[in-house]
>>> print(open('start.tsv').read())   # TSV, C-alpha atoms
chain	number	residue	atom	x	y	z
U	1	MET	CA	2.81	-0.02	16.89
U	2	SER	CA	4.03	1.60	20.07
U	3	SER	CA	4.09	5.34	20.48
U	4	LYS	CA	7.12	7.12	19.07
U	5	ARG	CA	5.96	10.48	20.31
U	6	SER	CA	7.94	11.60	23.36
U	7	SER	CA	7.41	14.35	25.90
U	8	SER	CA	10.05	16.39	24.07
U	9	PHE	CA	7.87	16.29	20.97
U	10	ARG	CA	4.90	17.69	22.86
U	11	ARG	CA	7.03	20.39	24.45
U	12	ALA	CA	8.54	21.30	21.10
U	13	ILE	CA	5.12	21.62	19.51
U	14	ALA	CA	3.69	23.55	22.44
U	15	SER	CA	6.57	26.01	22.62
U	16	GLY	CA	7.13	26.40	18.91
U	17	ARG	CA	3.61	26.59	17.54
U	18	ARG	CA	3.45	30.39	17.81
U	19	SER	CA	6.65	30.90	15.83
U	20	LEU	CA	5.92	28.39	13.10
U	21	HIS	CA	4.08	30.92	10.96
U	22	ARG	CA	7.24	33.07	10.92
U	23	ASP	CA	9.65	30.14	10.53
U	24	ILE	CA	8.29	28.06	7.65
U	25	LEU	CA	10.21	24.99	6.57
U	26	LEU	CA	10.29	26.23	2.99
U	27	ASP	CA	12.36	29.21	4.17
U	28	GLU	CA	15.24	26.95	5.21
U	29	ALA	CA	18.32	27.88	3.16
U	30	GLY	CA	21.64	26.19	2.49
U	31	LEU	CA	20.28	22.65	2.48
U	32	GLY	CA	22.04	19.73	0.87
U	33	VAL	CA	20.46	17.38	-1.65
U	34	TYR	CA	19.32	14.87	0.95
U	35	LYS	CA	17.80	17.49	3.27
U	36	ARG	CA	15.94	19.05	0.35
U	37	PHE	CA	14.55	15.61	-0.45
U	38	VAL	CA	13.48	15.15	3.19
U	39	ARG	CA	11.73	18.52	3.08
U	40	TYR	CA	10.01	17.52	-0.15
U	41	VAL	CA	8.80	14.27	1.45
U	42	ALA	CA	7.56	16.18	4.50
U	43	TYR	CA	5.39	18.44	2.34
U	44	GLU	CA	4.17	15.50	0.27
U	45	ILE	CA	3.02	13.39	3.22
U	46	LEU	CA	2.32	15.55	6.29
U	47	PRO	CA	-0.52	18.10	6.48
U	48	CYS	CA	0.67	20.07	9.52
U	49	GLU	CA	3.59	22.50	9.50
U	50	SER	CA	4.62	21.60	13.04
U	51	HIS	CA	4.74	17.91	12.11
U	52	ARG	CA	6.70	18.70	8.99
U	53	ARG	CA	9.32	20.64	10.94
U	54	TRP	CA	9.55	17.91	13.58
U	55	TYR	CA	10.06	15.22	10.93
U	56	PHE	CA	12.59	17.36	9.06
U	57	HIS	CA	14.79	17.96	12.10
U	58	GLN	CA	14.42	14.45	13.60
U	59	ASN	CA	15.00	12.43	10.41
U	60	HIS	CA	18.18	10.35	10.66
U	61	LEU	CA	17.43	7.46	8.27
U	62	CYS	CA	17.42	4.99	11.14
U	63	PRO	CA	16.02	2.57	10.29
U	64	PRO	CA	16.29	3.23	6.53
U	65	PRO	CA	13.18	2.85	4.35
U	66	VAL	CA	14.16	-0.51	2.86
U	67	PHE	CA	10.91	-2.49	3.00
U	68	MET	CA	9.22	-1.16	-0.14
U	69	ALA	CA	12.52	-1.15	-2.07
U	70	VAL	CA	13.24	-4.78	-1.12
U	71	ILE	CA	9.71	-5.90	-2.04
U	72	THR	CA	10.00	-4.17	-5.42
U	73	VAL	CA	13.41	-5.69	-6.17
U	74	ILE	CA	12.15	-9.18	-5.23
U	75	GLN	CA	9.14	-8.81	-7.53
U	76	ILE	CA	11.34	-7.72	-10.44
U	77	ILE	CA	13.87	-10.52	-9.90
U	78	VAL	CA	11.17	-13.21	-9.62
U	79	PHE	CA	9.43	-11.94	-12.76
U	80	LEU	CA	12.69	-11.92	-14.73
U	81	CYS	CA	13.59	-15.42	-13.51
U	82	TYR	CA	10.23	-16.81	-14.59
U	83	GLY	CA	10.51	-14.99	-17.90
U	84	VAL	CA	13.91	-16.50	-18.63
U	85	MET	CA	12.95	-20.02	-17.50
U	86	LEU	CA	9.64	-20.10	-19.37
U	87	ASN	CA	10.81	-17.96	-22.29
U	88	LYS	CA	7.65	-15.88	-22.00
U	89	TRP	CA	6.70	-12.68	-20.20
U	90	VAL	CA	3.10	-13.49	-19.32
U	91	LEU	CA	2.66	-15.79	-16.32
U	92	GLN	CA	0.21	-18.65	-16.90
U	93	THR	CA	-1.86	-18.05	-13.79
U	94	TYR	CA	-4.22	-20.98	-14.37
U	95	GLN	CA	-1.65	-23.46	-13.05
U	96	PRO	CA	-3.20	-25.18	-9.99
U	97	GLU	CA	-0.22	-24.47	-7.72
U	98	PHE	CA	-0.79	-20.76	-8.08
U	99	MET	CA	-4.51	-21.04	-7.34
U	100	LYS	CA	-4.14	-23.31	-4.31
U	101	SER	CA	-1.41	-21.30	-2.57
U	102	PRO	CA	-2.12	-17.61	-3.25
U	103	LEU	CA	-0.52	-16.34	-0.05
U	104	VAL	CA	2.77	-18.01	-0.93
U	105	TYR	CA	3.03	-17.01	-4.57
U	106	HIS	CA	1.11	-13.90	-5.41
U	107	LEU	CA	3.07	-11.29	-3.44
U	108	ALA	CA	6.28	-11.80	-5.40
U	109	ILE	CA	4.86	-12.70	-8.82
U	110	ALA	CA	3.32	-10.34	-11.37
U	111	PRO	CA	1.36	-11.89	-14.25
U	112	ARG	CA	2.23	-9.24	-16.82
U	113	LEU	CA	4.99	-6.75	-17.45
U	114	GLU	CA	2.63	-3.77	-17.38
U	115	GLN	CA	1.22	-4.75	-13.97
U	116	LEU	CA	4.72	-5.24	-12.59
U	117	GLY	CA	5.73	-1.79	-13.84
U	118	PHE	CA	2.59	-0.15	-12.47
U	119	ASN	CA	2.96	-1.74	-9.02
U	120	ALA	CA	6.70	-1.05	-8.83
U	121	LEU	CA	6.20	2.60	-9.77
U	122	LEU	CA	3.54	3.17	-7.11
U	123	GLN	CA	5.49	1.26	-4.46
U	124	LEU	CA	8.52	3.47	-5.00
U	125	MET	CA	6.75	6.80	-5.56
U	126	ILE	CA	4.22	6.48	-2.72
U	127	GLY	CA	5.38	3.60	-0.54
U	128	VAL	CA	8.95	4.82	0.05
U	129	PRO	CA	7.96	8.38	1.15
U	130	LEU	CA	5.26	6.93	3.41
U	131	GLU	CA	7.82	4.55	4.92
U	132	MET	CA	10.28	7.41	5.46
U	133	VAL	CA	7.69	9.39	7.44
U	134	HIS	CA	5.67	6.72	9.25
U	135	GLY	CA	8.30	4.04	9.67
U	136	ILE	CA	8.88	0.55	8.37
U	137	LEU	CA	6.66	-1.15	10.97
U	138	ARG	CA	3.47	0.73	10.21
U	139	ILE	CA	3.84	0.80	6.43
U	140	SER	CA	4.86	-2.87	6.20
U	141	LEU	CA	1.83	-3.77	8.34
U	142	LEU	CA	-0.47	-1.77	6.06
U	143	TYR	CA	1.04	-3.26	2.90
U	144	MET	CA	0.89	-6.86	4.14
U	145	ALA	CA	-2.66	-6.34	5.44
U	146	GLY	CA	-3.68	-5.23	1.95
U	147	VAL	CA	-1.93	-8.22	0.38
U	148	VAL	CA	-3.56	-10.73	2.75
U	149	ALA	CA	-6.98	-9.10	2.48
U	150	GLY	CA	-6.74	-9.10	-1.31
U	151	SER	CA	-5.81	-12.76	-1.50
U	152	LEU	CA	-8.50	-13.93	0.92
U	153	THR	CA	-11.19	-11.73	-0.65
U	154	VAL	CA	-10.53	-13.34	-4.04
U	155	SER	CA	-10.72	-16.81	-2.47
U	156	ILE	CA	-14.20	-15.94	-1.15
U	157	THR	CA	-15.79	-13.84	-3.90
U	158	ASP	CA	-14.14	-15.27	-7.04
U	159	MET	CA	-13.26	-18.82	-6.11
U	160	ARG	CA	-12.29	-20.02	-9.58
U	161	ALA	CA	-9.96	-17.12	-10.31
U	162	PRO	CA	-6.24	-17.00	-9.56
U	163	VAL	CA	-4.65	-14.08	-7.75
U	164	VAL	CA	-1.06	-12.98	-8.33
U	165	GLY	CA	0.80	-9.74	-7.78
U	166	GLY	CA	0.88	-7.34	-4.85
U	167	SER	CA	-2.00	-5.17	-6.05
U	168	GLY	CA	-3.83	-5.43	-2.71
U	169	GLY	CA	-0.88	-3.93	-0.86
U	170	VAL	CA	-0.29	-1.27	-3.51
U	171	TYR	CA	-3.91	-0.14	-3.45
U	172	ALA	CA	-3.89	-0.10	0.35
U	173	LEU	CA	-0.99	2.36	0.33
U	174	CYS	CA	-2.38	4.51	-2.49
U	175	SER	CA	-5.94	4.73	-1.18
U	176	ALA	CA	-4.72	5.55	2.33
U	177	HIS	CA	-2.51	8.34	1.02
U	178	LEU	CA	-5.18	9.79	-1.28
U	179	ALA	CA	-7.82	9.66	1.45
U	180	ASN	CA	-5.43	11.40	3.85
U	181	VAL	CA	-4.77	14.14	1.30
U	182	VAL	CA	-8.49	14.70	0.74
U	183	MET	CA	-9.30	14.85	4.46
U	184	ASN	CA	-6.44	17.29	5.07
U	185	TRP	CA	-6.79	19.21	1.82
U	186	ALA	CA	-6.29	22.67	3.29
U	187	GLY	CA	-3.14	21.68	5.18
U	188	MET	CA	-1.40	19.80	2.36
U	189	ARG	CA	1.23	21.91	0.60
U	190	CYS	CA	2.27	19.55	-2.19
U	191	PRO	CA	2.33	21.33	-5.57
U	192	TYR	CA	-0.40	20.69	-8.15
U	193	LYS	CA	-2.25	18.50	-5.69
U	194	LEU	CA	-5.58	18.62	-7.54
U	195	LEU	CA	-4.01	17.67	-10.86
U	196	ARG	CA	-1.99	14.91	-9.25
U	197	MET	CA	-5.04	13.62	-7.39
U	198	ILE	CA	-7.01	13.41	-10.64
U	199	LEU	CA	-4.11	11.71	-12.41
U	200	ALA	CA	-3.70	9.16	-9.62
U	201	LEU	CA	-7.42	8.35	-9.60
U	202	VAL	CA	-7.45	7.96	-13.38
U	203	CYS	CA	-4.44	5.62	-13.31
U	204	MET	CA	-5.84	3.50	-10.48
U	205	SER	CA	-9.30	3.34	-12.05
U	206	SER	CA	-7.79	2.40	-15.41
U	207	GLU	CA	-5.84	-0.44	-13.80
U	208	VAL	CA	-8.98	-1.74	-12.08
U	209	GLY	CA	-10.92	-1.41	-15.34
U	210	ARG	CA	-8.24	-3.34	-17.19
U	211	ALA	CA	-8.35	-6.08	-14.55
U	212	VAL	CA	-12.16	-6.30	-14.83
U	213	TRP	CA	-11.98	-6.49	-18.62
U	214	LEU	CA	-9.32	-9.23	-18.53
U	215	ARG	CA	-11.29	-11.20	-15.94
U	216	PHE	CA	-14.55	-11.29	-17.90
U	217	SER	CA	-13.27	-11.24	-21.48
U	218	PRO	CA	-13.41	-14.60	-23.30
U	219	PRO	CA	-10.12	-16.44	-22.63
U	220	LEU	CA	-7.88	-17.49	-25.46
U	221	PRO	CA	-7.67	-21.23	-26.17
U	222	SER	CA	-4.15	-21.35	-24.72
U	223	SER	CA	-5.03	-19.49	-21.52
U	224	GLY	CA	-7.14	-20.18	-18.49
U	225	PRO	CA	-9.01	-17.92	-16.05
U	226	GLN	CA	-7.53	-14.46	-15.69
U	227	PRO	CA	-6.56	-13.01	-12.28
U	228	SER	CA	-9.35	-11.46	-10.25
U	229	PHE	CA	-9.79	-7.73	-9.71
U	230	MET	CA	-11.20	-8.11	-6.19
U	231	ALA	CA	-7.71	-7.79	-4.68
U	232	HIS	CA	-7.58	-4.19	-5.89
U	233	LEU	CA	-10.90	-3.32	-4.26
U	234	SER	CA	-10.19	-5.05	-0.96
U	235	GLY	CA	-6.78	-3.37	-0.79
U	236	ALA	CA	-8.48	-0.01	-1.21
U	237	VAL	CA	-10.87	-0.84	1.64
U	238	VAL	CA	-7.92	-1.70	3.89
U	239	GLY	CA	-6.24	1.57	2.95
U	240	ILE	CA	-9.29	3.72	3.62
U	241	SER	CA	-9.88	2.08	7.01
U	242	MET	CA	-6.65	0.89	8.61
U	243	GLY	CA	-4.33	2.95	6.43
U	244	LEU	CA	-6.10	6.26	6.92
U	245	LEU	CA	-6.04	5.80	10.68
U	246	ILE	CA	-2.28	5.15	10.55
U	247	LEU	CA	-1.52	8.16	8.36
U	248	ARG	CA	-3.71	10.54	10.36
U	249	ASN	CA	-1.88	9.67	13.59
U	250	TYR	CA	1.69	10.61	12.81
U	251	GLU	CA	3.88	9.75	15.82
U	252	GLU	CA	0.76	8.99	17.89
U	253	ASN	CA	0.16	5.85	19.90
U	254	LEU	CA	-2.36	3.73	18.00
U	255	GLN	CA	-2.76	1.22	20.82
U	256	GLY	CA	-4.53	3.80	22.98
U	257	GLN	CA	-7.25	4.50	20.41
U	258	CYS	CA	-10.55	2.64	20.39
U	259	SER	CA	-10.92	2.99	16.61
U	260	TRP	CA	-7.64	1.14	16.09
U	261	TRP	CA	-8.81	-1.88	18.07
U	262	VAL	CA	-12.17	-1.87	16.26
U	263	ILE	CA	-10.33	-2.06	12.93
U	264	ILE	CA	-7.99	-4.79	14.20
U	265	PHE	CA	-10.95	-6.79	15.53
U	266	ALA	CA	-12.77	-6.48	12.19
U	267	PHE	CA	-9.67	-7.52	10.26
U	268	VAL	CA	-8.97	-10.53	12.48
U	269	THR	CA	-12.63	-11.59	12.26
U	270	PHE	CA	-12.47	-11.43	8.46
U	271	LEU	CA	-9.18	-13.32	8.52
U	272	LEU	CA	-10.59	-16.17	10.61
U	273	PHE	CA	-13.75	-16.36	8.49
U	274	ALA	CA	-11.70	-16.47	5.29
U	275	ILE	CA	-9.44	-19.22	6.64
U	276	PHE	CA	-12.41	-21.41	7.57
U	277	TRP	CA	-14.01	-20.61	4.22
U	278	ASN	CA	-10.93	-21.81	2.36
U	279	ILE	CA	-10.81	-24.99	4.44
U	280	PHE	CA	-14.44	-26.05	4.03
U	281	ALA	CA	-16.21	-24.06	1.30
U	282	TYR	CA	-14.58	-25.58	-1.78
U	283	GLU	CA	-15.63	-29.08	-0.78
U	284	LEU	CA	-19.09	-28.11	0.54
U	285	LEU	CA	-19.96	-26.02	-2.51
U	286	GLY	CA	-18.37	-28.45	-4.95
U	287	VAL	CA	-16.14	-25.79	-6.52
U	288	GLN	CA	-13.51	-27.26	-8.82
U	289	ILE	CA	-10.34	-25.45	-9.82
U	290	PRO	CA	-10.31	-25.23	-13.64
U	291	PRO	CA	-7.78	-27.64	-15.17
U	292	ALA	CA	-4.83	-26.28	-17.09
U	293	PRO	CA	-5.51	-26.19	-20.85
>>> encode(input="start.tsv", output="structure tokens")
Amino acid sequence: MSSKRSSSFRRAIASGRRSLHRDILLDEAGLGVYKRFVRYVAYEILPCESHRRWYFHQNHLCPPPVFMAVITVIQIIVFLCYGVMLNKWVLQTYQPEFMKSPLVYHLAIAPRLEQLGFNALLQLMIGVPLEMVHGILRISLLYMAGVVAGSLTVSITDMRAPVVGGSGGVYALCSAHLANVVMNWAGMRCPYKLLRMILALVCMSSEVGRAVWLRFSPPLPSSGPQPSFMAHLSGAVVGISMGLLILRNYEENLQGQCSWWVIIFAFVTFLLFAIFWNIFAYELLGVQIPPAP
């Protein structure tokens, strides 16, 4: 999380700020397909014209944004492999191995085809542009923090429920991006931003509502407990806290900010508490994992 901002960046911003209103990035002509895509990403993610121009001219695809693409491909391959081996396309999440080892299994496994499609779509549409702008280190940290927080939150708040899928990481990315757009509403230049904001909120709320309904609806005789929805909510909390701080500090050094260390301290404290909870709480509270039907 070291600073990528150099003295040349500060000099460029200081010397070029006056001319930016006459030299808007949208006025650039003769661009190739890739450069037009980079400009599109800059206007989708960054709220400041000077930052957009800096990103546009400094982008060299090194390192390439491969993290979100690799995660998505792994999730699709694992889902297809399980579907072929089990001859079914709904993962039986009540199996004890999935409930005892959520951190190992749930990132790469989606319980249903519709959840896999929803997560993959958001990871590619939002995660890849964020990774292009903010880098693989910051976005992978945010995604994995959402995944870990989602898994551990379920193990504390819904101890008898399984958790599978990368919904915690997906909601961390989406909530961070949406919160950043709202807080920088005037500076964002993405087209139809209000309509797209409403559509994104409706889709995310519908997914959470579907997860709540599946969790509390009476299970079929051949099924066990349905996956918990708490991973979605905890991922959103991670996005609004840690993620928003990352996205609002483009090219800034996070290590020099007090708010960053407060968030890290809170996350580590929660992590340690959740680990001890998982070690001792099941036995002390007498919680039994439901047997497979």
>>> closest_residue(input="start.tsv", among="U:Arg189, U:His177, U:Arg53, U:Arg210", to="U:Gly243", atoms="all atoms listed in the file")
U:His177
>>> closest_residue(input="start.tsv", among="U:Met132, U:Met230, U:Ile76, U:Leu173", to="U:Leu113", atoms="all atoms listed in the file")
U:Ile76
>>> closest_residue(input="start.tsv", among="U:Thr153, U:Ser140, U:Ser205, U:Asn87", to="U:Val66", atoms="all atoms listed in the file")
U:Ser140
>>> closest_residue(input="start.tsv", among="U:Val208, U:Arg112, U:Leu254, U:Ile275", to="U:Tyr82", atoms="all atoms listed in the file")
U:Arg112
>>> closest_residue(input="start.tsv", among="U:Gly135, U:Leu214, U:Ile45, U:Val237", to="U:Lys193", atoms="all atoms listed in the file")
U:Ile45
>>> atom_distance(input="start.tsv", atom1="atom CA of U:Met204", atom2="atom CA of U:Phe267")
23.8 Å
>>> atom_distance(input="start.tsv", atom1="atom CA of U:Leu285", atom2="atom CA of U:Gly235")
26.3 Å
>>> closest_residue(input="start.tsv", among="U:Val84, U:Val73, U:Leu201, U:Ala186", to="U:Leu124", atoms="only C-alpha atoms")
U:Val73
>>> residues_around(input="start.tsv", residues="U:Arg248", least_positions_apart="3", cutoff="12 Å", atoms="all atoms listed in the file", output="list in words")
Ile45, Leu46, Pro47, Cys48, His51, Leu130, Val133, His134, Ala176, His177, Leu178, Ala179, Asn180, Val181, Val182, Met183, Asn184, Gly239, Ile240, Ser241, Met242, Gly243, Leu244, Leu245, Glu251, Glu252, Asn253, Leu254 and Trp260 of chain U
>>> atom_distance(input="start.tsv", atom1="atom CA of U:Asp158", atom2="atom CA of U:Val212")
12.0 Å
>>> residues_near_point(input="start.tsv", point="(-4.4, -5.5, 1.3)", cutoff="9 Å", atoms="all atoms listed in the file", output="VMD selection string")
chain U and resid 142 to 151 166 to 173 231 to 239
>>> axis_aligned_box(input="start.tsv", around="stretch 151-156 of chain U", padding_each_side="6 Å", output="JSON")
{"center_x": -10.0, "center_y": -14.3, "center_z": -1.6, "size_x": 20.4, "size_y": 17.1, "size_z": 17.0}
